[in-house]
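Participant: As input, take data01.json (JSON, C-alpha atoms):
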```json
[["chain", "number", "residue", "atom", "x", "y", "z"],
["A", 1, "MET", "CA", 16.31, -22.80, 6.14],
["A", 2, "THR", "CA", 15.55, -19.97, 3.76],
["A", 3, "PRO", "CA", 15.32, -16.58, 5.47],
["A", 4, "LEU", "CA", 12.09, -14.62, 5.36],
["A", 5, "SER", "CA", 13.52, -11.87, 3.18],
["A", 6, "PHE", "CA", 13.92, -14.24, 0.23],
["A", 7, "TYR", "CA", 10.24, -15.10, 0.26],
["A", 8, "LEU", "CA", 9.36, -11.44, 0.54],
["A", 9, "ALA", "CA", 11.69, -10.58, -2.34],
["A", 10, "LEU", "CA", 10.08, -13.27, -4.50],
["A", 11, "SER", "CA", 6.68, -11.91, -3.57],
["A", 12, "ALA", "CA", 7.72, -8.35, -4.45],
["A", 13, "ILE", "CA", 9.14, -9.41, -7.81],
["A", 14, "MET", "CA", 5.97, -11.34, -8.63],
["A", 15, "PHE", "CA", 3.80, -8.40, -7.62],
["A", 16, "VAL", "CA", 5.76, -5.99, -9.80],
["A", 17, "ILE", "CA", 5.56, -8.33, -12.78],
["A", 18, "GLY", "CA", 1.79, -8.62, -12.33],
["A", 19, "CYS", "CA", 1.42, -4.88, -11.95],
["A", 20, "VAL", "CA", 3.41, -4.21, -15.12],
["A", 21, "GLY", "CA", 1.25, -6.72, -16.97],
["A", 22, "ALA", "CA", -1.96, -5.14, -15.75],
["A", 23, "ILE", "CA", -0.74, -1.76, -16.98],
["A", 24, "VAL", "CA", 0.80, -2.83, -20.28],
["A", 25, "ARG", "CA", -1.45, -5.51, -21.72],
["A", 26, "ARG", "CA", -4.60, -4.54, -23.60],
["A", 27, "ASN", "CA", -6.39, -7.87, -23.61],
["A", 28, "ALA", "CA", -8.87, -7.79, -20.72],
["A", 29, "ILE", "CA", -8.43, -11.49, -19.96],
["A", 30, "VAL", "CA", -4.65, -11.14, -19.71],
["A", 31, "VAL", "CA", -5.14, -8.14, -17.42],
["A", 32, "PHE", "CA", -7.37, -10.37, -15.33],
["A", 33, "MET", "CA", -4.65, -13.04, -15.13],
["A", 34, "CYS", "CA", -2.13, -10.38, -14.08],
["A", 35, "ILE", "CA", -4.46, -9.40, -11.24],
["A", 36, "GLU", "CA", -4.48, -13.05, -10.16],
["A", 37, "LEU", "CA", -0.68, -12.89, -10.23],
["A", 38, "MET", "CA", -0.66, -9.90, -7.88],
["A", 39, "LEU", "CA", -3.12, -11.61, -5.52],
["A", 40, "ASN", "CA", -0.81, -14.62, -5.44],
["A", 41, "ALA", "CA", 2.19, -12.47, -4.63],
["A", 42, "VAL", "CA", 0.37, -11.02, -1.64],
["A", 43, "ASN", "CA", -0.73, -14.50, -0.57],
["A", 44, "LEU", "CA", 2.87, -15.66, -0.69],
["A", 45, "SER", "CA", 4.02, -12.94, 1.68],
["A", 46, "PHE", "CA", 1.08, -13.72, 3.99],
["A", 47, "VAL", "CA", 2.14, -17.35, 4.20],
["A", 48, "ALA", "CA", 5.81, -16.44, 4.65],
["A", 49, "PHE", "CA", 5.00, -14.13, 7.56],
["A", 50, "SER", "CA", 2.66, -16.72, 9.05],
["A", 51, "HIS", "CA", 5.48, -19.26, 8.97],
["A", 52, "SER", "CA", 7.99, -16.83, 10.39],
["A", 53, "VAL", "CA", 5.87, -15.43, 13.21],
["A", 54, "GLY", "CA", 4.40, -18.80, 14.15],
["A", 55, "ASN", "CA", 0.77, -17.79, 13.83],
["A", 56, "LEU", "CA", -1.92, -19.44, 11.74],
["A", 57, "ASP", "CA", -3.98, -16.31, 11.11],
["A", 58, "GLY", "CA", -2.02, -15.37, 7.99],
["A", 59, "GLN", "CA", -3.02, -18.62, 6.35],
["A", 60, "ILE", "CA", -6.67, -17.92, 7.19],
["A", 61, "ALA", "CA", -6.29, -14.56, 5.47],
["A", 62, "VAL", "CA", -4.90, -16.33, 2.41],
["A", 63, "PHE", "CA", -7.91, -18.64, 2.44],
["A", 64, "PHE", "CA", -10.28, -15.67, 2.34],
["A", 65, "VAL", "CA", -8.26, -14.01, -0.41],
["A", 66, "MET", "CA", -8.69, -17.20, -2.43],
["A", 67, "VAL", "CA", -12.45, -17.12, -1.82],
["A", 68, "VAL", "CA", -12.67, -13.53, -3.00],
["A", 69, "ALA", "CA", -10.47, -14.32, -6.01],
["A", 70, "ALA", "CA", -12.80, -17.14, -7.03],
["A", 71, "ALA", "CA", -15.84, -14.85, -6.74],
["A", 72, "GLU", "CA", -13.98, -12.19, -8.69],
["A", 73, "ALA", "CA", -13.11, -14.69, -11.41],
["A", 74, "ALA", "CA", -16.73, -15.68, -11.91],
["A", 75, "VAL", "CA", -18.08, -12.13, -12.04],
["A", 76, "GLY", "CA", -15.12, -10.66, -13.93],
["A", 77, "LEU", "CA", -15.20, -13.23, -16.68],
["A", 78, "ALA", "CA", -18.96, -12.76, -17.04],
["A", 79, "ILE", "CA", -18.36, -9.03, -17.42],
["A", 80, "ILE", "CA", -15.67, -9.68, -20.07],
["A", 81, "LEU", "CA", -18.13, -11.93, -21.87],
["A", 82, "GLY", "CA", -20.73, -9.16, -21.84],
["A", 83, "LEU", "CA", -18.13, -6.69, -23.08],
["A", 84, "PHE", "CA", -17.32, -8.99, -25.98],
["A", 85, "ARG", "CA", -21.02, -9.31, -26.84],
["A", 86, "THR", "CA", -21.55, -5.57, -27.03],
["A", 87, "THR", "CA", -18.27, -4.42, -28.58],
["A", 88, "LYS", "CA", -16.97, -7.57, -30.37],
["A", 89, "SER", "CA", -13.62, -6.99, -28.70],
["A", 90, "VAL", "CA", -11.97, -7.74, -25.37],
["A", 91, "GLU", "CA", -9.48, -4.91, -25.49],
["A", 92, "THR", "CA", -9.61, -2.73, -22.43],
["A", 93, "SER", "CA", -9.85, 0.37, -24.60],
["A", 94, "ALA", "CA", -13.13, -0.97, -26.01],
["A", 95, "ALA", "CA", -14.84, -0.50, -22.65],
["A", 96, "ASN", "CA", -15.11, 3.25, -22.89],
["A", 97, "GLU", "CA", -18.83, 3.76, -22.41],
["A", 98, "MET", "CA", -21.18, 2.59, -19.71],
["A", 99, "ARG", "CA", -24.31, 1.91, -21.71],
["A", 100, "LEU", "CA", -25.00, -1.57, -22.98],
["B", 1, "MET", "CA", 19.61, -21.27, 1.35],
["B", 2, "ASN", "CA", 17.54, -24.08, 0.10],
["B", 3, "LEU", "CA", 18.08, -25.55, -3.35],
["B", 4, "LEU", "CA", 14.37, -26.33, -3.69],
["B", 5, "PHE", "CA", 13.52, -22.70, -3.00],
["B", 6, "ILE", "CA", 15.83, -21.56, -5.81],
["B", 7, "ILE", "CA", 14.26, -24.00, -8.25],
["B", 8, "PHE", "CA", 10.67, -23.06, -7.41],
["B", 9, "ALA", "CA", 11.44, -19.36, -7.27],
["B", 10, "ALA", "CA", 12.95, -19.59, -10.75],
["B", 11, "ILE", "CA", 9.83, -21.40, -12.00],
["B", 12, "VAL", "CA", 7.59, -18.76, -10.42],
["B", 13, "VAL", "CA", 9.47, -15.77, -11.80],
["B", 14, "VAL", "CA", 9.94, -17.18, -15.31],
["B", 15, "SER", "CA", 6.30, -18.21, -15.63],
["B", 16, "ALA", "CA", 5.12, -14.87, -14.25],
["B", 17, "LEU", "CA", 7.16, -13.18, -16.95],
["B", 18, "GLY", "CA", 5.56, -15.58, -19.41],
["B", 19, "VAL", "CA", 2.07, -14.50, -18.36],
["B", 20, "VAL", "CA", 2.96, -10.90, -19.12],
["B", 21, "LEU", "CA", 5.15, -11.28, -22.18],
["B", 22, "LEU", "CA", 3.54, -14.06, -24.23],
["B", 23, "ARG", "CA", 1.38, -12.69, -27.03],
["B", 24, "ASN", "CA", -1.13, -15.51, -27.22],
["B", 25, "PRO", "CA", -3.60, -15.40, -24.28],
["B", 26, "VAL", "CA", -3.81, -19.21, -24.17],
["B", 27, "HIS", "CA", -0.05, -19.39, -23.66],
["B", 28, "SER", "CA", -0.41, -16.80, -20.92],
["B", 29, "ALA", "CA", -3.01, -18.96, -19.20],
["B", 30, "LEU", "CA", -0.73, -22.01, -19.35],
["B", 31, "ALA", "CA", 2.15, -19.97, -17.92],
["B", 32, "LEU", "CA", -0.23, -18.91, -15.15],
["B", 33, "VAL", "CA", -0.86, -22.59, -14.33],
["B", 34, "SER", "CA", 2.84, -23.29, -13.90],
["B", 35, "ASN", "CA", 3.20, -20.14, -11.82],
["B", 36, "LEU", "CA", 0.39, -21.22, -9.50],
["B", 37, "VAL", "CA", 1.83, -24.71, -9.14],
["B", 38, "GLY", "CA", 5.22, -23.19, -8.26],
["B", 39, "VAL", "CA", 3.60, -20.99, -5.61],
["B", 40, "ALA", "CA", 1.79, -24.06, -4.25],
["B", 41, "ALA", "CA", 5.15, -25.83, -3.92],
["B", 42, "ILE", "CA", 6.52, -22.87, -1.97],
["B", 43, "TYR", "CA", 3.45, -23.01, 0.29],
["B", 44, "ALA", "CA", 4.22, -26.67, 0.94],
["B", 45, "MET", "CA", 7.80, -25.72, 1.81],
["B", 46, "LEU", "CA", 6.41, -23.24, 4.33],
["B", 47, "ASN", "CA", 4.35, -25.98, 6.05],
["B", 48, "ALA", "CA", 1.09, -24.64, 4.64],
["B", 49, "HIS", "CA", -0.09, -27.97, 3.29],
["B", 50, "PHE", "CA", -3.78, -27.14, 3.22],
["B", 51, "LEU", "CA", -3.18, -23.94, 1.28],
["B", 52, "ALA", "CA", -0.92, -25.73, -1.19],
["B", 53, "VAL", "CA", -3.67, -28.20, -2.02],
["B", 54, "VAL", "CA", -6.37, -25.53, -2.15],
["B", 55, "GLN", "CA", -4.14, -23.43, -4.39],
["B", 56, "ILE", "CA", -3.89, -26.25, -6.91],
["B", 57, "ILE", "CA", -7.57, -27.19, -6.73],
["B", 58, "VAL", "CA", -9.08, -23.71, -6.74],
["B", 59, "TYR", "CA", -6.60, -21.66, -8.74],
["B", 60, "ALA", "CA", -4.95, -24.06, -11.15],
["B", 61, "GLY", "CA", -8.03, -26.25, -11.31],
["B", 62, "ALA", "CA", -11.04, -23.97, -11.30],
["B", 63, "ILE", "CA", -10.05, -20.41, -12.09],
["B", 64, "VAL", "CA", -7.64, -21.11, -14.93],
["B", 65, "VAL", "CA", -10.08, -23.56, -16.49],
["B", 66, "LEU", "CA", -12.73, -20.85, -16.32],
["B", 67, "VAL", "CA", -10.33, -18.42, -18.02],
["B", 68, "LEU", "CA", -9.56, -20.98, -20.72],
["B", 69, "PHE", "CA", -13.27, -21.59, -21.30],
["B", 70, "VAL", "CA", -13.84, -17.89, -21.82],
["B", 71, "LEU", "CA", -10.81, -17.67, -24.12],
["B", 72, "MET", "CA", -12.18, -20.47, -26.27],
["B", 73, "LEU", "CA", -15.65, -18.94, -26.31],
["B", 74, "LEU", "CA", -14.34, -15.59, -27.48],
["B", 75, "ASN", "CA", -11.88, -16.87, -30.10],
["B", 76, "MET", "CA", -9.76, -13.76, -30.12],
["B", 77, "LYS", "CA", -6.77, -12.78, -32.18],
["B", 78, "VAL", "CA", -3.20, -12.58, -31.01],
["B", 79, "GLU", "CA", -2.47, -9.13, -29.71],
["B", 80, "ALA", "CA", -0.39, -7.04, -32.09],
["B", 81, "LEU", "CA", 2.14, -4.55, -30.85],
["B", 82, "LYS", "CA", 1.56, -1.04, -32.07],
["B", 83, "ARG", "CA", 4.54, 1.09, -32.92],
["B", 84, "HIS", "CA", 3.74, 4.13, -30.81],
["B", 85, "GLU", "CA", 3.39, 1.95, -27.70],
["B", 86, "LYS", "CA", 7.03, 0.91, -27.64],
["B", 87, "ILE", "CA", 8.16, 3.95, -25.68],
["B", 88, "PHE", "CA", 5.30, 3.45, -23.20],
["B", 89, "TYR", "CA", 6.38, -0.15, -22.67],
["B", 90, "THR", "CA", 10.02, 0.75, -22.11],
["B", 91, "THR", "CA", 9.05, 3.43, -19.61],
["B", 92, "VAL", "CA", 6.89, 1.02, -17.62],
["B", 93, "MET", "CA", 9.61, -1.64, -17.65],
["B", 94, "LEU", "CA", 12.23, 0.86, -16.46],
["B", 95, "VAL", "CA", 9.98, 2.02, -13.61],
["B", 96, "ALA", "CA", 9.35, -1.61, -12.59],
["B", 97, "VAL", "CA", 13.05, -2.50, -12.60],
["B", 98, "ALA", "CA", 13.85, 0.65, -10.61],
["B", 99, "PHE", "CA", 11.15, -0.24, -8.09],
["B", 100, "CYS", "CA", 12.58, -3.75, -7.67],
["B", 101, "ALA", "CA", 16.10, -2.38, -7.31],
["B", 102, "ALA", "CA", 14.85, -0.01, -4.62],
["B", 103, "ILE", "CA", 12.73, -2.40, -2.59],
["B", 104, "LEU", "CA", 14.85, -5.54, -2.53],
["B", 105, "PRO", "CA", 17.77, -4.16, -0.46],
["B", 106, "ILE", "CA", 15.26, -2.60, 1.95],
["B", 107, "LEU", "CA", 13.51, -5.94, 2.38],
["B", 108, "HIS", "CA", 16.82, -7.63, 3.01],
["B", 109, "GLN", "CA", 17.88, -5.00, 5.48],
["B", 110, "PHE", "CA", 14.67, -5.18, 7.52],
["B", 111, "PHE", "CA", 13.83, -8.85, 7.31],
["B", 112, "GLY", "CA", 17.17, -10.50, 6.66],
["B", 113, "GLU", "CA", 17.81, -10.76, 10.39],
["B", 114, "PHE", "CA", 14.12, -10.92, 11.27],
["B", 115, "ASN", "CA", 13.67, -12.99, 14.40],
["B", 116, "PRO", "CA", 10.17, -12.68, 15.83],
["B", 117, "ALA", "CA", 11.03, -14.72, 18.93],
["B", 118, "ALA", "CA", 13.77, -12.28, 19.90],
["B", 119, "SER", "CA", 11.63, -9.22, 19.20],
["B", 120, "LEU", "CA", 8.73, -10.63, 21.20],
["B", 121, "THR", "CA", 10.88, -11.41, 24.20],
["B", 122, "ILE", "CA", 12.37, -7.94, 24.04],
["B", 123, "ALA", "CA", 8.89, -6.43, 23.84],
["B", 124, "SER", "CA", 7.67, -8.41, 26.84],
["B", 125, "GLY", "CA", 10.74, -7.48, 28.81],
["B", 126, "ALA", "CA", 11.64, -11.08, 29.48],
["B", 127, "ALA", "CA", 15.29, -11.95, 29.69],
["B", 128, "ALA", "CA", 14.82, -15.22, 27.89],
["B", 129, "SER", "CA", 17.21, -16.07, 25.13],
["B", 130, "GLY", "CA", 16.17, -15.49, 21.54],
["B", 131, "ALA", "CA", 16.60, -19.17, 20.87],
["B", 132, "ALA", "CA", 13.33, -19.84, 22.69],
["B", 133, "ALA", "CA", 11.59, -20.48, 19.42],
["B", 134, "LEU", "CA", 7.96, -19.80, 18.71],
["B", 135, "PRO", "CA", 5.62, -22.76, 18.30],
["B", 136, "ARG", "CA", 6.13, -24.13, 14.84],
["B", 137, "VAL", "CA", 2.90, -23.82, 12.90],
["B", 138, "GLU", "CA", 1.72, -26.57, 10.63],
["B", 139, "GLY", "CA", -1.00, -25.46, 8.24],
["B", 140, "THR", "CA", -2.69, -28.83, 8.16],
["B", 141, "VAL", "CA", -6.38, -29.29, 7.44],
["B", 142, "GLU", "CA", -7.00, -29.95, 11.12],
["B", 143, "ALA", "CA", -5.25, -26.84, 12.37],
["B", 144, "ILE", "CA", -6.78, -24.56, 9.73],
["B", 145, "GLY", "CA", -10.22, -26.07, 10.29],
["B", 146, "LYS", "CA", -10.06, -25.55, 14.03],
["B", 147, "VAL", "CA", -9.25, -21.87, 13.66],
["B", 148, "LEU", "CA", -11.62, -21.37, 10.75],
["B", 149, "PHE", "CA", -14.66, -22.84, 12.47],
["B", 150, "THR", "CA", -14.14, -21.24, 15.86],
["B", 151, "ARG", "CA", -12.56, -17.83, 15.65],
["B", 152, "TYR", "CA", -13.39, -17.03, 12.03],
["B", 153, "LEU", "CA", -16.78, -18.72, 11.84],
["B", 154, "PHE", "CA", -18.66, -15.52, 11.03],
["B", 155, "LEU", "CA", -16.20, -14.61, 8.27],
["B", 156, "PHE", "CA", -16.50, -18.11, 6.87],
["B", 157, "GLU", "CA", -20.27, -17.81, 6.63],
["B", 158, "ALA", "CA", -19.94, -14.34, 5.12],
["B", 159, "ALA", "CA", -17.60, -15.82, 2.50],
["B", 160, "SER", "CA", -20.23, -18.40, 1.61],
["B", 161, "ILE", "CA", -22.77, -15.62, 1.10],
["B", 162, "LEU", "CA", -20.24, -13.79, -1.07],
["B", 163, "ILE", "CA", -19.73, -16.89, -3.23],
["B", 164, "MET", "CA", -23.49, -17.27, -3.57],
["B", 165, "ALA", "CA", -23.88, -13.64, -4.62],
["B", 166, "ALA", "CA", -21.04, -14.01, -7.14],
["B", 167, "LEU", "CA", -22.71, -17.12, -8.56],
["B", 168, "VAL", "CA", -26.03, -15.36, -9.03],
["B", 169, "GLY", "CA", -24.31, -12.29, -10.42],
["B", 170, "ALA", "CA", -22.31, -14.30, -12.94],
["B", 171, "VAL", "CA", -25.44, -16.07, -14.15],
["B", 172, "MET", "CA", -27.29, -12.77, -14.45],
["B", 173, "LEU", "CA", -24.43, -11.10, -16.31],
["B", 174, "SER", "CA", -23.87, -13.90, -18.79],
["B", 175, "HIS", "CA", -27.56, -14.44, -19.37],
["B", 176, "ARG", "CA", -28.49, -13.45, -22.90],
["B", 177, "VAL", "CA", -30.77, -10.43, -22.98],
["B", 178, "SER", "CA", -33.97, -11.06, -24.90],
["B", 179, "ASN", "CA", -34.46, -9.31, -28.22],
["B", 180, "ALA", "CA", -36.43, -6.13, -28.71],
["B", 181, "ASN", "CA", -39.35, -7.90, -30.40],
["B", 182, "GLY", "CA", -39.94, -9.95, -27.29],
["B", 183, "SER", "CA", -38.69, -13.34, -28.50],
["B", 184, "SER", "CA", -36.22, -14.48, -25.91],
["B", 185, "VAL", "CA", -33.10, -16.02, -27.43],
["B", 186, "ASN", "CA", -32.79, -18.93, -25.05],
["B", 187, "SER", "CA", -36.35, -19.11, -23.84],
["B", 188, "GLY", "CA", -36.29, -22.86, -24.52],
["B", 189, "PRO", "CA", -39.53, -24.78, -24.72],
["B", 190, "SER", "CA", -41.73, -21.98, -23.39],
["B", 191, "THR", "CA", -43.20, -20.97, -26.75],
["B", 192, "ASP", "CA", -46.48, -19.82, -25.32],
["B", 193, "PRO", "CA", -46.53, -16.06, -25.99],
["B", 194, "SER", "CA", -48.49, -15.33, -22.87],
["B", 195, "THR", "CA", -45.73, -16.69, -20.66],
["B", 196, "THR", "CA", -42.77, -15.14, -22.52],
["B", 197, "VAL", "CA", -41.20, -12.39, -20.50],
["B", 198, "ARG", "CA", -41.10, -9.15, -22.48],
["B", 199, "SER", "CA", -38.44, -6.63, -21.70]]
```
Spit out the file's structure as structure tokens when you get a sec.
Facilitator:
Amino acid sequence: MTPLSFYLALSAIMFVIGCVGAIVRRNAIVVFMCIELMLNAVNLSFVAFSHSVGNLDGQIAVFFVMVVAAAEAAVGLAIILGLFRTTKSVETSAANEMRL
Amino acid sequence: MNLLFIIFAAIVVVSALGVVLLRNPVHSALALVSNLVGVAAIYAMLNAHFLAVVQIIVYAGAIVVLVLFVLMLLNMKVEALKRHEKIFYTTVMLVAVAFCAAILPILHQFFGEFNPAASLTIASGAAASGAAALPRVEGTVEAIGKVLFTRYLFLFEAASILIMAALVGAVMLSHRVSNANGSSVNSGPSTDPSTTVRS
């Protein structure tokens, strides 16, 4: 039986790695993947608490986070595609003006 | 401590580092797949079977494939490291390591002895022993479905509307804008000039 703190520590490490990636990387798609990493870290701590407290509501929250992540993936990748069409680049520094 | 947890935690951490550190975005996406599968295994260890399966189907199946499609459409170069960014990178890494070093002992201190059954009985003033364990939750499809379609029915329907809106938005955003002279790029067979939409 693994104690709760180990799951939370894993979740924290994963979140920090994703956060560093979102700050450091310049490719917009990799930044997007790092955001997915952070969402997964939060999901992991939701499930760990749900298991520890004996309540199913945490897993429902994870389900809704997954729904929102899927919606975000569709819209975000479409935005990256549009960015590439207008600027011929997917670097985050290329998105520095709001007009198309 | 469980041996399986150590194995899957190692997979998760190493592949998460791979997502961040690998230069080629396709390699990052593949590292993301192994990370998501490792997280799904940990969900299964925590009795969240439904979420483990959904994690593999939705994340590793749908989202990463979508990312790979976009990567192949864009055909980008491997990111090159610029010289003046080295000091920025080292600063960020140092801050991250310091944050981890600060938060991990706190987590262990607060949740190492975390026993919700004991804290609940104390809160309710009952003199029952802490060994009176809480009901063990099994995140099966049946259990999740019962809660999802009774207590969270409204949120479930709202989520379906959100997915629909995202679908329409993605189609609108990735739709090619017609040219300035009025000839739509992907207008298809509608060559009749009277029906062509001019923007």
Participant: Quote the spacing between CA of Val171 (chain B) and CA of Met76 (chain B) in Å to one decimal place.
Facilitator: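 Taking CA of Val171 (chain B) and CA of Met76 (chain B), their separation equals 22.5 Å.
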Participant: With only C-alpha atoms as the atoms that count, which of B:Phe50, B:Phe69, B:Phe110, B:Phe5 lies nearest to Phe63 (chain A)?
Facilitator: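 Answer, going by the shortest atom-to-atom distance: B:Phe50.
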Participant: Find the distance between CA of Ala9 (chain A) and CA of Val19 (chain B) and write it in Å to one decimal.
Facilitator: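 These two atoms are separated by 19.1 Å.
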Participant: Write out as a list of chain:residue names the residues lying within 12 Å of Gly58 (chain A), counting all atoms listed in the file and excluding same-chain residues fewer than 2 positions away.
Facilitator: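 Answer for this query is A:Val42, A:Asn43, A:Leu44, A:Ser45, A:Phe46, A:Val47, A:Ala48, A:Phe49, A:Ser50, A:His51, A:Ser52, A:Val53, A:Gly54, A:Asn55, A:Leu56, A:Ile60, A:Ala61, A:Val62, A:Phe63, A:Phe64, A:Val65, B:Ala48, B:Leu51, B:Val137, B:Gly139, B:Ile144, B:Val147, B:Leu148.
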Participant: Which of these, A:Gly76, A:Asp57, A:Tyr7, A:Gly21, has the shortest distance to chain B once you count all atoms listed in the file?
Facilitator: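 Of A:Gly76, A:Asp57, A:Tyr7, A:Gly21, the one nearest chain B is A:Gly21, counting all atoms listed in the file.
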Participant: Can you measure CA of Ala159 (chain B) to CA of Glu72 (chain A) for me? One decimal in Å is fine.
Facilitator: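 Computed distance, CA of Ala159 (chain B) to CA of Glu72 (chain A), equals 12.3 Å.
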Participant: For region 40-47 of chain A, supply all heavy atoms and format the output as a tab-separated table (two decimals), keeping the file's coordinate frame.
Facilitator:
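What ended up in out19.tsv:
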```tsv
chain	number	residue	atom	x	y	z
A	40	ASN	N	-1.65	-13.52	-5.88
A	40	ASN	CA	-0.81	-14.62	-5.44
A	40	ASN	C	0.45	-14.14	-4.76
A	40	ASN	O	0.93	-14.76	-3.82
A	40	ASN	CB	-0.45	-15.50	-6.63
A	40	ASN	CG	-1.32	-16.69	-6.69
A	40	ASN	OD1	-1.13	-17.61	-5.92
A	40	ASN	ND2	-2.30	-16.66	-7.55
A	41	ALA	N	0.99	-13.03	-5.26
A	41	ALA	CA	2.19	-12.47	-4.63
A	41	ALA	C	1.89	-12.06	-3.19
A	41	ALA	O	2.67	-12.36	-2.28
A	41	ALA	CB	2.69	-11.27	-5.43
A	42	VAL	N	0.74	-11.43	-2.99
A	42	VAL	CA	0.37	-11.02	-1.64
A	42	VAL	C	0.14	-12.24	-0.76
A	42	VAL	O	0.55	-12.29	0.40
A	42	VAL	CB	-0.86	-10.11	-1.70
A	42	VAL	CG1	-1.32	-9.76	-0.31
A	42	VAL	CG2	-0.54	-8.86	-2.45
A	43	ASN	N	-0.51	-13.27	-1.33
A	43	ASN	CA	-0.73	-14.50	-0.57
A	43	ASN	C	0.59	-15.12	-0.13
A	43	ASN	O	0.70	-15.63	0.99
A	43	ASN	CB	-1.47	-15.51	-1.43
A	43	ASN	CG	-2.93	-15.21	-1.53
A	43	ASN	OD1	-3.42	-14.34	-0.83
A	43	ASN	ND2	-3.62	-15.91	-2.38
A	44	LEU	N	1.57	-15.07	-1.02
A	44	LEU	CA	2.87	-15.66	-0.69
A	44	LEU	C	3.50	-14.95	0.50
A	44	LEU	O	4.04	-15.59	1.41
A	44	LEU	CB	3.77	-15.60	-1.91
A	44	LEU	CG	5.16	-16.18	-1.74
A	44	LEU	CD1	5.07	-17.63	-1.36
A	44	LEU	CD2	5.95	-16.02	-3.01
A	45	SER	N	3.39	-13.62	0.53
A	45	SER	CA	4.02	-12.94	1.68
A	45	SER	C	3.20	-13.18	2.95
A	45	SER	O	3.78	-13.26	4.03
A	45	SER	CB	4.20	-11.46	1.39
A	45	SER	OG	2.99	-10.85	1.21
A	46	PHE	N	1.88	-13.34	2.81
A	46	PHE	CA	1.08	-13.72	3.99
A	46	PHE	C	1.57	-15.03	4.58
A	46	PHE	O	1.79	-15.16	5.79
A	46	PHE	CB	-0.39	-13.88	3.59
A	46	PHE	CG	-1.27	-12.71	3.90
A	46	PHE	CD1	-2.02	-12.12	2.92
A	46	PHE	CD2	-1.36	-12.23	5.18
A	46	PHE	CE1	-2.84	-11.05	3.21
A	46	PHE	CE2	-2.18	-11.17	5.48
A	46	PHE	CZ	-2.92	-10.58	4.48
A	47	VAL	N	1.75	-16.04	3.70
A	47	VAL	CA	2.14	-17.35	4.20
A	47	VAL	C	3.55	-17.30	4.78
A	47	VAL	O	3.85	-17.93	5.81
A	47	VAL	CB	2.03	-18.40	3.08
A	47	VAL	CG1	2.55	-19.73	3.54
A	47	VAL	CG2	0.60	-18.55	2.66
```
